[in-house]
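What follows is a set of notes on a single structure, which appears directly below.
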Protein chains: 2
Amino acid sequence: MGPGVEWEQLSSKDRQADERQELVTVKHEPFNAETPPAALASARTPTASFFVRSNYAEPELSRATHTVAVEGAVAHPFTLKVAELARGPLRTLPVTLECAGNGRTSMTPLPVGEPWQQGALGTAVWGGVPLAQVLQQAGVKPGAVELLVEGADGEGSRRFARALPMAKALHPDTLLALEMNGAPLTRAHGAPVRLLVPGWYGMASVKWVTRLEVLTRPFEGYYQRERYIYDTQDGAPAEPVTRMQVKSLITSPAEGARVAPGPVVVQGMAWSGERRVVRVEVAVNGGDSWQAATLLETPRPSAWVRWAFTWEGAKAGRHTLRARATDEAGDTQPERAPWNRLGYGNNAVQVRVVEVG
Amino acid sequence: MGPGVEWEQLSSKDRQADERQELVTVKHEPFNAETPPAALASARTPTASFFVRSNYAEPELSRATHTVAVEGAVAHPFTLKVAELARGPLRTLPVTLECAGNGRTSMTPLPVGEPWQQGALGTAVWGGVPLAQVLQQAGVKPGAVELLVEGADGEGSRRFARALPMAKALHPDTLLALEMNGAPLTRAHGAPVRLLVPGWYGMASVKWVTRLEVLTRPFEGYYQRERYIYDTQDGAPAEPVTRMQVKSLITSPAEGARVAPGPVVVQGMAWSGERRVVRVEVAVNGGDSWQAATLLETPRPSAWVRWAFTWEGAKAGRHTLRARATDEAGDTQPERAPWNRLGYGNNAVQVRVVEVG
């Protein structure tokens with residue numbers, strides 16, 4: 001299903017306003033917004049409710065004429081016509097994207113950066129062409145170490161750009177994505193073409209891609225060395241942010257919700273970048289008493305899995321609920337995530353306060 | 001102003017229900033409830049909105065006949081008739097009471113215990129007789145080290161009881177309180193007589209006092225050695241919880257509030273047990289940029305002081321606000337309070353999320 005004629009007839013500004021009304025605005029210029037809590041309760045996040053993270057104003061690119069330069073350490077540099085790419089068969093994958101700064105407001109001391117609570121998160125079915133296919137066409141030369149991916153968004157001479165290790169760039173699930181939830185990408189989500197790096201925090205999935213450059217030396221750009229890094233300020237060199245750490249979210253009951261006494265079904269999502277979630281546990285009230293929740297579908301790497309837990313005999317009064325996920329590598333959410341200056345990768349267990357009665 | 005005839009004619013149960021409706025219930029039996037956020041914005045917390053912390057069901061004692069035993073290492077043990085005490089002149093003091101567990105839900109890992117958010121806090125004008133006066137009448141013997149104060153509340157053979165060092169018991173501001181905000185104590189707040197220990201967390205201000213015992217050895221009771229202790233689980237012996245640590249609260253804008261762009265007046269309270277607050281600072285958004293707020297009255301020890309800060313040029317979007325207080329001893333609120341197993345004394349800087357636009 002593509003956007004209808006009526007949609008295309010709307011002015012660009014009207015379309016943008018329409019897209020934004022389902023979101024929880026964090027910043028107006030550039031537009032940054034969270035997925036509303038209710039939308040996080042669906043297995044797939046509707047595009048109109050899917051969080052938006054942009055570092056600059058959203059470029060408006062032509063679906064018909066946009067091209068991507070494929071260059072650097074390749075045998076056959078070429079210019080990729082996106083409209084042609086869209087004609088071929090697309091690989092589709094459900095993938096969870098989480099902003100690296102999601103949960104920043106829960107870190108102490110409060111780091112600088114956009115004040116994301118827990119809604120810089122969503123799961124869509126993405127459709128695209130494996131990046132490996134495009135790189136194969138160009139012929140990656142020996143000595144390649146990273147793929148630089150540049151977006152059209154920027155200011156002055158700076159463009160948003162990140163690099164991926166070649167192994168990740170060549171992974172069959174790493175896509176040049178053209179579709180989201182069965183429709184062409186919207187402008188906010190990188191139309192007409194974005195990178196989709198399953199399992200990595202959102203900054204790797206560069207939107208509005210204009211250029212792919214195979215590098216023989218590690219990329220030293222601003223968004224690789226100055227931002228989206230774990231700066232723990234302990235003297236160790238800061239590492240770039242990469243894969244999403246194991247995490248879970250309680251979607252029901254909502255924060256501050258009032259529920260009836262008796263059995264209460266607690267539900268949520270759990271995910272881990274490049275890994276399957278194997279276990280979700282719930283603790284009612286404080287302390288260290290964790291009980292197993294049920295996974296509601298077969299977990300797959302890099303996409304959230306829904307889970308449920310029946311809280312038996314909830315008594316009147318205020319209670320807290322916590323969930324924690326464990327992945328196939330044995331990583332479990334920490335009670336407190338390691339602090340870093342820019343506030344990335346907060347996968348700490350969250351406390352949900354609910355009222356019974 | 002005392003309670004009117006109509007009030008007295010209500011049944012005990014109706015009175016209780018009436019008292020409880022202005023509060024945010026945390027637990028029904030025994031009744032525990034927070035001061036609602038709006039009530040925390042007044043210099044004095046109305047009695048009906050003042051948080052209630054009880055470890056057991058509320059005893060119903062007679063104002064006319066209730067007595068307090070004064071015994072132990074005293075020259076002249078005697079039985080204090082509370083009705084007679086009420087006939088004398090009363091000393092009145094504005095004093096902030098905070099539950100030791102206030103802010104527990106913000107501690108990580110989440111400790112066991114009542115899930116207090118930030119409303120186990122209030123400031124009233126208390127009227128009573130200095131405890132020193134009563135102890136002087138009894139004649140404290142040499143060798144006295146602590147005063148045991150026992151309440152009528154309990155279960156089986158256990159009564160709620162805490163001990164104070166003699167120096168604190170003899171401080172002229174430590175009261176046997178009979179009035180709160182100009183009216184006789186209500187049942188929930190310890191009628192007809194409670195201890196009031198200015199500057200200490202609420203557990204020291206024993207309600208429904210039945211017995212004062214001068215001790216020559218430190219008290220080893222449950223609420224002195226097993227609860228209301230800082231159990232840091234680092235091998236050091238746990239210390240009893242005593243004075244309130246320096247802390248502040250933002251009362252306006254409220255959490256999640258939407259405010260208009262432009263200058264925004266940020267207001268709140270700050271307090272420190274037994275000490276004056278000397279400075280409150282506010283940080284807009286994350287990082288370490290703190291600006292001085294204005295104290296709106298002359299600070300006094302153990303009572304909160306109101307403060308205000310004008311946030312200039314607030315721009316549309318989501319922002320965070322933080323406040324931190326410093327007291328005359330130079331203690332400043334930490335970004336993260338030391339964790340302890342039972343979750344007491346959380347005076348960490350809080351993050352307030354607001355929306356401008």
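Order determines the names: the first chain of the structure tokens is A, the second B, and so forth; residues in each chain are numbered 1 upward, and ligands are numbered 1 upward as they are shown.
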
Tell me as a PDB file with N, CA, C and O atoms, in the first residue's frame which residues belonging to chain B come within 7 Å of chain A, counting only C-alpha atoms.
```
ATOM      1  N   THR B  25      -3.329   7.988  48.240  1.00  0.00           N
ATOM      2  CA  THR B  25      -3.144   6.747  48.990  1.00  0.00           C
ATOM      3  C   THR B  25      -2.002   5.899  48.432  1.00  0.00           C
ATOM      4  O   THR B  25      -1.902   5.694  47.225  1.00  0.00           O
ATOM      5  N   VAL B  26      -1.181   5.396  49.325  1.00  0.00           N
ATOM      6  CA  VAL B  26      -0.113   4.473  48.948  1.00  0.00           C
ATOM      7  C   VAL B  26      -0.461   3.074  49.455  1.00  0.00           C
ATOM      8  O   VAL B  26      -0.196   2.070  48.811  1.00  0.00           O
ATOM      9  N   LYS B  27      -1.067   3.049  50.630  1.00  0.00           N
ATOM     10  CA  LYS B  27      -1.469   1.767  51.219  1.00  0.00           C
ATOM     11  C   LYS B  27      -2.724   2.011  52.042  1.00  0.00           C
ATOM     12  O   LYS B  27      -2.841   3.035  52.724  1.00  0.00           O
ATOM     13  N   HIS B  28      -3.666   1.051  51.968  1.00  0.00           N
ATOM     14  CA  HIS B  28      -4.931   1.253  52.679  1.00  0.00           C
ATOM     15  C   HIS B  28      -4.862   0.801  54.134  1.00  0.00           C
ATOM     16  O   HIS B  28      -5.403   1.446  55.016  1.00  0.00           O
ATOM     17  N   THR B 108      17.889   3.119  42.725  1.00  0.00           N
ATOM     18  CA  THR B 108      18.170   1.897  41.964  1.00  0.00           C
ATOM     19  C   THR B 108      19.343   1.165  42.580  1.00  0.00           C
ATOM     20  O   THR B 108      20.349   1.793  42.860  1.00  0.00           O
ATOM     21  N   PRO B 109      19.252  -0.167  42.705  1.00  0.00           N
ATOM     22  CA  PRO B 109      18.060  -1.009  42.523  1.00  0.00           C
ATOM     23  C   PRO B 109      16.934  -0.594  43.475  1.00  0.00           C
ATOM     24  O   PRO B 109      17.195  -0.091  44.563  1.00  0.00           O
ATOM     25  N   LEU B 110      15.703  -0.806  43.036  1.00  0.00           N
ATOM     26  CA  LEU B 110      14.545  -0.414  43.835  1.00  0.00           C
ATOM     27  C   LEU B 110      14.511  -1.189  45.147  1.00  0.00           C
ATOM     28  O   LEU B 110      14.407  -2.406  45.142  1.00  0.00           O
ATOM     29  N   PRO B 111      14.609  -0.477  46.273  1.00  0.00           N
ATOM     30  CA  PRO B 111      14.587  -1.192  47.558  1.00  0.00           C
ATOM     31  C   PRO B 111      13.186  -1.678  47.917  1.00  0.00           C
ATOM     32  O   PRO B 111      12.197  -1.243  47.327  1.00  0.00           O
ATOM     33  N   VAL B 112      13.118  -2.567  48.863  1.00  0.00           N
ATOM     34  CA  VAL B 112      11.837  -2.971  49.424  1.00  0.00           C
ATOM     35  C   VAL B 112      11.279  -1.801  50.233  1.00  0.00           C
ATOM     36  O   VAL B 112      11.990  -0.851  50.530  1.00  0.00           O
ATOM     37  N   GLY B 113      10.001  -1.892  50.600  1.00  0.00           N
ATOM     38  CA  GLY B 113       9.397  -0.850  51.428  1.00  0.00           C
ATOM     39  C   GLY B 113       8.319  -0.098  50.680  1.00  0.00           C
ATOM     40  O   GLY B 113       8.153  -0.254  49.471  1.00  0.00           O
ATOM     41  N   PRO B 115       6.271   2.235  48.475  1.00  0.00           N
ATOM     42  CA  PRO B 115       6.744   2.923  47.258  1.00  0.00           C
ATOM     43  C   PRO B 115       6.453   4.428  47.265  1.00  0.00           C
ATOM     44  O   PRO B 115       5.649   4.919  46.482  1.00  0.00           O
ATOM     45  N   ASN B 285      17.781  21.719  31.516  1.00  0.00           N
ATOM     46  CA  ASN B 285      18.295  20.634  30.677  1.00  0.00           C
ATOM     47  C   ASN B 285      19.524  19.981  31.327  1.00  0.00           C
ATOM     48  O   ASN B 285      19.880  20.306  32.449  1.00  0.00           O
ATOM     49  N   GLY B 286      20.088  19.030  30.640  1.00  0.00           N
ATOM     50  CA  GLY B 286      21.157  18.239  31.249  1.00  0.00           C
ATOM     51  C   GLY B 286      22.481  18.978  31.323  1.00  0.00           C
ATOM     52  O   GLY B 286      22.606  20.123  30.897  1.00  0.00           O
ATOM     53  N   GLY B 287      23.450  18.303  31.889  1.00  0.00           N
ATOM     54  CA  GLY B 287      24.780  18.880  32.008  1.00  0.00           C
ATOM     55  C   GLY B 287      25.010  19.524  33.352  1.00  0.00           C
ATOM     56  O   GLY B 287      24.287  19.257  34.319  1.00  0.00           O
ATOM     57  N   ALA B 316      10.014  26.360  22.669  1.00  0.00           N
ATOM     58  CA  ALA B 316       9.059  25.277  22.453  1.00  0.00           C
ATOM     59  C   ALA B 316       9.770  23.933  22.407  1.00  0.00           C
ATOM     60  O   ALA B 316      10.873  23.811  21.870  1.00  0.00           O
ATOM     61  N   GLY B 317       9.122  22.929  22.978  1.00  0.00           N
ATOM     62  CA  GLY B 317       9.684  21.581  23.002  1.00  0.00           C
ATOM     63  C   GLY B 317       9.770  21.070  24.427  1.00  0.00           C
ATOM     64  O   GLY B 317       9.316  21.725  25.377  1.00  0.00           O
ATOM     65  N   ARG B 318      10.306  19.878  24.568  1.00  0.00           N
ATOM     66  CA  ARG B 318      10.448  19.281  25.894  1.00  0.00           C
ATOM     67  C   ARG B 318      11.765  19.726  26.534  1.00  0.00           C
ATOM     68  O   ARG B 318      12.796  19.780  25.876  1.00  0.00           O
ATOM     69  N   HIS B 319      11.676  20.034  27.806  1.00  0.00           N
ATOM     70  CA  HIS B 319      12.879  20.418  28.543  1.00  0.00           C
ATOM     71  C   HIS B 319      12.884  19.734  29.902  1.00  0.00           C
ATOM     72  O   HIS B 319      11.850  19.273  30.371  1.00  0.00           O
ATOM     73  N   THR B 320      14.027  19.717  30.524  1.00  0.00           N
ATOM     74  CA  THR B 320      14.117  19.209  31.885  1.00  0.00           C
ATOM     75  C   THR B 320      14.585  20.323  32.803  1.00  0.00           C
ATOM     76  O   THR B 320      15.316  21.219  32.400  1.00  0.00           O
ATOM     77  N   GLU B 335      23.822  14.074  42.936  1.00  0.00           N
ATOM     78  CA  GLU B 335      23.075  13.665  41.735  1.00  0.00           C
ATOM     79  C   GLU B 335      22.477  12.282  41.973  1.00  0.00           C
ATOM     80  O   GLU B 335      21.439  11.931  41.426  1.00  0.00           O
ATOM     81  N   ARG B 336      23.150  11.496  42.775  1.00  0.00           N
ATOM     82  CA  ARG B 336      22.661  10.149  43.079  1.00  0.00           C
ATOM     83  C   ARG B 336      22.961   9.885  44.544  1.00  0.00           C
ATOM     84  O   ARG B 336      24.106  10.027  44.973  1.00  0.00           O
TER      85      ARG B 336
END
```

### Task
Output as a ChimeraX atom specification all residues of segment 145-287 of chain A that backbone DSSP marks as alpha helix (DSSP H).
/A:166-169,222-225

### Query
Could you pull out all residues of segment 63-132 of chain B with a DSSP call of strand (DSSP E or B) and give them as a PyMOL selection string?
chain B and resi 67-72+74+78-81+91-98+121-130

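Straight-line separation from atom CA of Asp327 of chain A to atom CA of Ser302 of chain A: 10.8 Å.
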
### Message
Would you pick out the contacts of Thr294 of chain B at 8 Å or less, using only C-alpha atoms, so that residues sharing its chain but fewer than 4 positions from it are not included, and give the list as a ChimeraX atom specification?
### Response
/B:280,307-309

Please produce a file of those selected residues containing all heavy atoms, as a JSON list (two decimals), in the first residue's frame.
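Full text of out-v4.json as output:
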```json
[["chain", "number", "residue", "atom", "x", "y", "z"],
["B", 280, "VAL", "N", 20.06, 27.64, 46.61],
["B", 280, "VAL", "CA", 19.35, 26.73, 45.71],
["B", 280, "VAL", "C", 19.76, 27.13, 44.29],
["B", 280, "VAL", "O", 19.81, 28.31, 43.96],
["B", 280, "VAL", "CB", 17.82, 26.82, 45.87],
["B", 280, "VAL", "CG1", 17.10, 25.98, 44.82],
["B", 280, "VAL", "CG2", 17.42, 26.37, 47.27],
["B", 307, "TRP", "N", 11.62, 28.97, 47.24],
["B", 307, "TRP", "CA", 12.58, 29.60, 46.33],
["B", 307, "TRP", "C", 11.94, 29.77, 44.96],
["B", 307, "TRP", "O", 10.93, 29.14, 44.65],
["B", 307, "TRP", "CB", 13.88, 28.78, 46.23],
["B", 307, "TRP", "CG", 13.69, 27.35, 45.82],
["B", 307, "TRP", "CD1", 13.60, 26.27, 46.64],
["B", 307, "TRP", "CD2", 13.56, 26.84, 44.49],
["B", 307, "TRP", "NE1", 13.41, 25.12, 45.90],
["B", 307, "TRP", "CE2", 13.39, 25.45, 44.58],
["B", 307, "TRP", "CE3", 13.57, 27.43, 43.22],
["B", 307, "TRP", "CZ2", 13.22, 24.63, 43.45],
["B", 307, "TRP", "CZ3", 13.41, 26.63, 42.09],
["B", 307, "TRP", "CH2", 13.25, 25.24, 42.22],
["B", 308, "ALA", "N", 12.53, 30.63, 44.17],
["B", 308, "ALA", "CA", 12.02, 30.88, 42.81],
["B", 308, "ALA", "C", 13.19, 31.17, 41.88],
["B", 308, "ALA", "O", 14.24, 31.66, 42.31],
["B", 308, "ALA", "CB", 11.04, 32.04, 42.80],
["B", 309, "PHE", "N", 12.97, 30.84, 40.64],
["B", 309, "PHE", "CA", 13.98, 31.04, 39.61],
["B", 309, "PHE", "C", 13.26, 31.39, 38.32],
["B", 309, "PHE", "O", 12.28, 30.74, 37.96],
["B", 309, "PHE", "CB", 14.80, 29.74, 39.43],
["B", 309, "PHE", "CG", 15.72, 29.76, 38.24],
["B", 309, "PHE", "CD1", 16.96, 30.40, 38.32],
["B", 309, "PHE", "CD2", 15.36, 29.16, 37.05],
["B", 309, "PHE", "CE1", 17.82, 30.42, 37.22],
["B", 309, "PHE", "CE2", 16.21, 29.17, 35.94],
["B", 309, "PHE", "CZ", 17.44, 29.81, 36.03]]
```

### Message
Would you compute the distance between atom CA of Thr45 of chain B and atom CA of Leu90 of chain B? Give it in Å to one decimal.
### Response
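Taking atom CA of Thr45 of chain B as the start and atom CA of Leu90 of chain B as the end point, the length is 20.0 Å.
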
### Task
Identify which of the residues B:Pro299, B:Pro36, B:Gly202, B:Gly119 lies closest to Ala48 of chain B, counting only C-alpha atoms when measuring atom-to-atom distances.
B:Pro36

### Message
Just to confirm, what's the straight-line distance from atom CA of Ser12 of chain B to atom CA of Glu60 of chain B in Å (one decimal)?
### Response
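Between atom CA of Ser12 of chain B and atom CA of Glu60 of chain B the gap works out to 8.8 Å.
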
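Proximity to segment 50-55 of chain B at 9 Å, evaluated using only C-alpha atoms and with sequence-adjacent residues fewer than 6 positions away removed, yields Glu22, Leu23, Val24, Pro30, Phe31, Asn32, Ala33, Glu34, Thr35, Pro36, Ala39, Leu40, Glu98, Cys99, Gly119, Ala120, Leu121, Gly122, Thr123, Ala124, Asp153, Gly154, Phe160, Ala188, His189, Gly202, Met203 and Lys207 of chain B.
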
### Task
Rank A:Ala257, A:Leu97, A:Ala293, A:Val282 by their smallest atom-to-atom distance to Leu195 of chain A, using only C-alpha atoms, and report the top residue only.
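Answer, going by the shortest atom-to-atom distance: A:Leu97.
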
### Message
Residues near Arg187 of chain A, anyone? I mean within 9 Å using only C-alpha atoms, not counting same-chain ones fewer than 6 positions away, as a ChimeraX atom specification.
### Response
/A:16,58-61,208

Selected residues written out with N, CA, C and O atoms, as an mmCIF file, in the first residue's frame:
```cif
data_model
loop_
_atom_site.group_PDB
_atom_site.id
_atom_site.type_symbol
_atom_site.label_atom_id
_atom_site.label_comp_id
_atom_site.auth_asym_id
_atom_site.auth_seq_id
_atom_site.Cartn_x
_atom_site.Cartn_y
_atom_site.Cartn_z
ATOM 1 N N GLN A 16 3.625 17.162 6.426
ATOM 2 C CA GLN A 16 4.475 17.107 7.608
ATOM 3 C C GLN A 16 3.637 17.284 8.884
ATOM 4 O O GLN A 16 3.805 16.555 9.849
ATOM 5 N N GLU A 58 14.674 18.250 7.889
ATOM 6 C CA GLU A 58 14.470 17.095 7.001
ATOM 7 C C GLU A 58 14.640 17.500 5.533
ATOM 8 O O GLU A 58 13.884 18.334 5.036
ATOM 9 N N PRO A 59 15.576 16.904 4.830
ATOM 10 C CA PRO A 59 15.709 17.221 3.402
ATOM 11 C C PRO A 59 14.472 16.737 2.652
ATOM 12 O O PRO A 59 13.828 15.775 3.072
ATOM 13 N N GLU A 60 14.148 17.389 1.563
ATOM 14 C CA GLU A 60 13.051 16.917 0.724
ATOM 15 C C GLU A 60 13.667 16.476 -0.596
ATOM 16 O O GLU A 60 14.109 17.303 -1.398
ATOM 17 N N LEU A 61 13.742 15.169 -0.807
ATOM 18 C CA LEU A 61 14.427 14.620 -1.965
ATOM 19 C C LEU A 61 13.400 14.032 -2.930
ATOM 20 O O LEU A 61 12.324 13.612 -2.514
ATOM 21 N N TRP A 208 18.012 9.535 4.342
ATOM 22 C CA TRP A 208 18.268 10.394 3.163
ATOM 23 C C TRP A 208 19.669 10.157 2.592
ATOM 24 O O TRP A 208 20.429 11.075 2.342
#
```

### Query
Of the candidates A:Tyr223, A:Phe78, A:Trp290, A:Trp339, which one gets nearest to Arg211 of chain A if we count only C-alpha atoms?
A:Phe78

So which residues touch Leu215 of chain B within 6 Å, counting only C-alpha atoms, skipping near sequence neighbours fewer than 4 positions away, as a PDB file with N, CA, C and O atoms, in the first residue's frame?
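Now in out19.pdb:
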```pdb
ATOM      1  N   ALA B 144      22.329   8.846  81.899  1.00  0.00           N
ATOM      2  CA  ALA B 144      21.315   8.733  80.845  1.00  0.00           C
ATOM      3  C   ALA B 144      21.970   8.930  79.483  1.00  0.00           C
ATOM      4  O   ALA B 144      22.798   9.819  79.312  1.00  0.00           O
ATOM      5  N   VAL B 145      21.638   8.063  78.515  1.00  0.00           N
ATOM      6  CA  VAL B 145      22.220   8.214  77.180  1.00  0.00           C
ATOM      7  C   VAL B 145      21.148   8.437  76.101  1.00  0.00           C
ATOM      8  O   VAL B 145      21.385   9.137  75.136  1.00  0.00           O
ATOM      9  N   GLU B 146      20.023   7.835  76.282  1.00  0.00           N
ATOM     10  CA  GLU B 146      18.981   7.966  75.261  1.00  0.00           C
ATOM     11  C   GLU B 146      17.615   8.043  75.925  1.00  0.00           C
ATOM     12  O   GLU B 146      17.425   7.556  77.036  1.00  0.00           O
ATOM     13  N   LEU B 147      16.679   8.642  75.168  1.00  0.00           N
ATOM     14  CA  LEU B 147      15.300   8.630  75.617  1.00  0.00           C
ATOM     15  C   LEU B 147      14.508   7.738  74.671  1.00  0.00           C
ATOM     16  O   LEU B 147      14.470   7.981  73.468  1.00  0.00           O
TER      17      LEU B 147
END
```

### Task
Tell me which of A:Gly235, A:Gly128, A:Pro263, A:Gly345 sits closest to Thr310 of chain A, counting only C-alpha atoms.
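Using only C-alpha atoms, the shortest distance to Thr310 of chain A belongs to A:Pro263.
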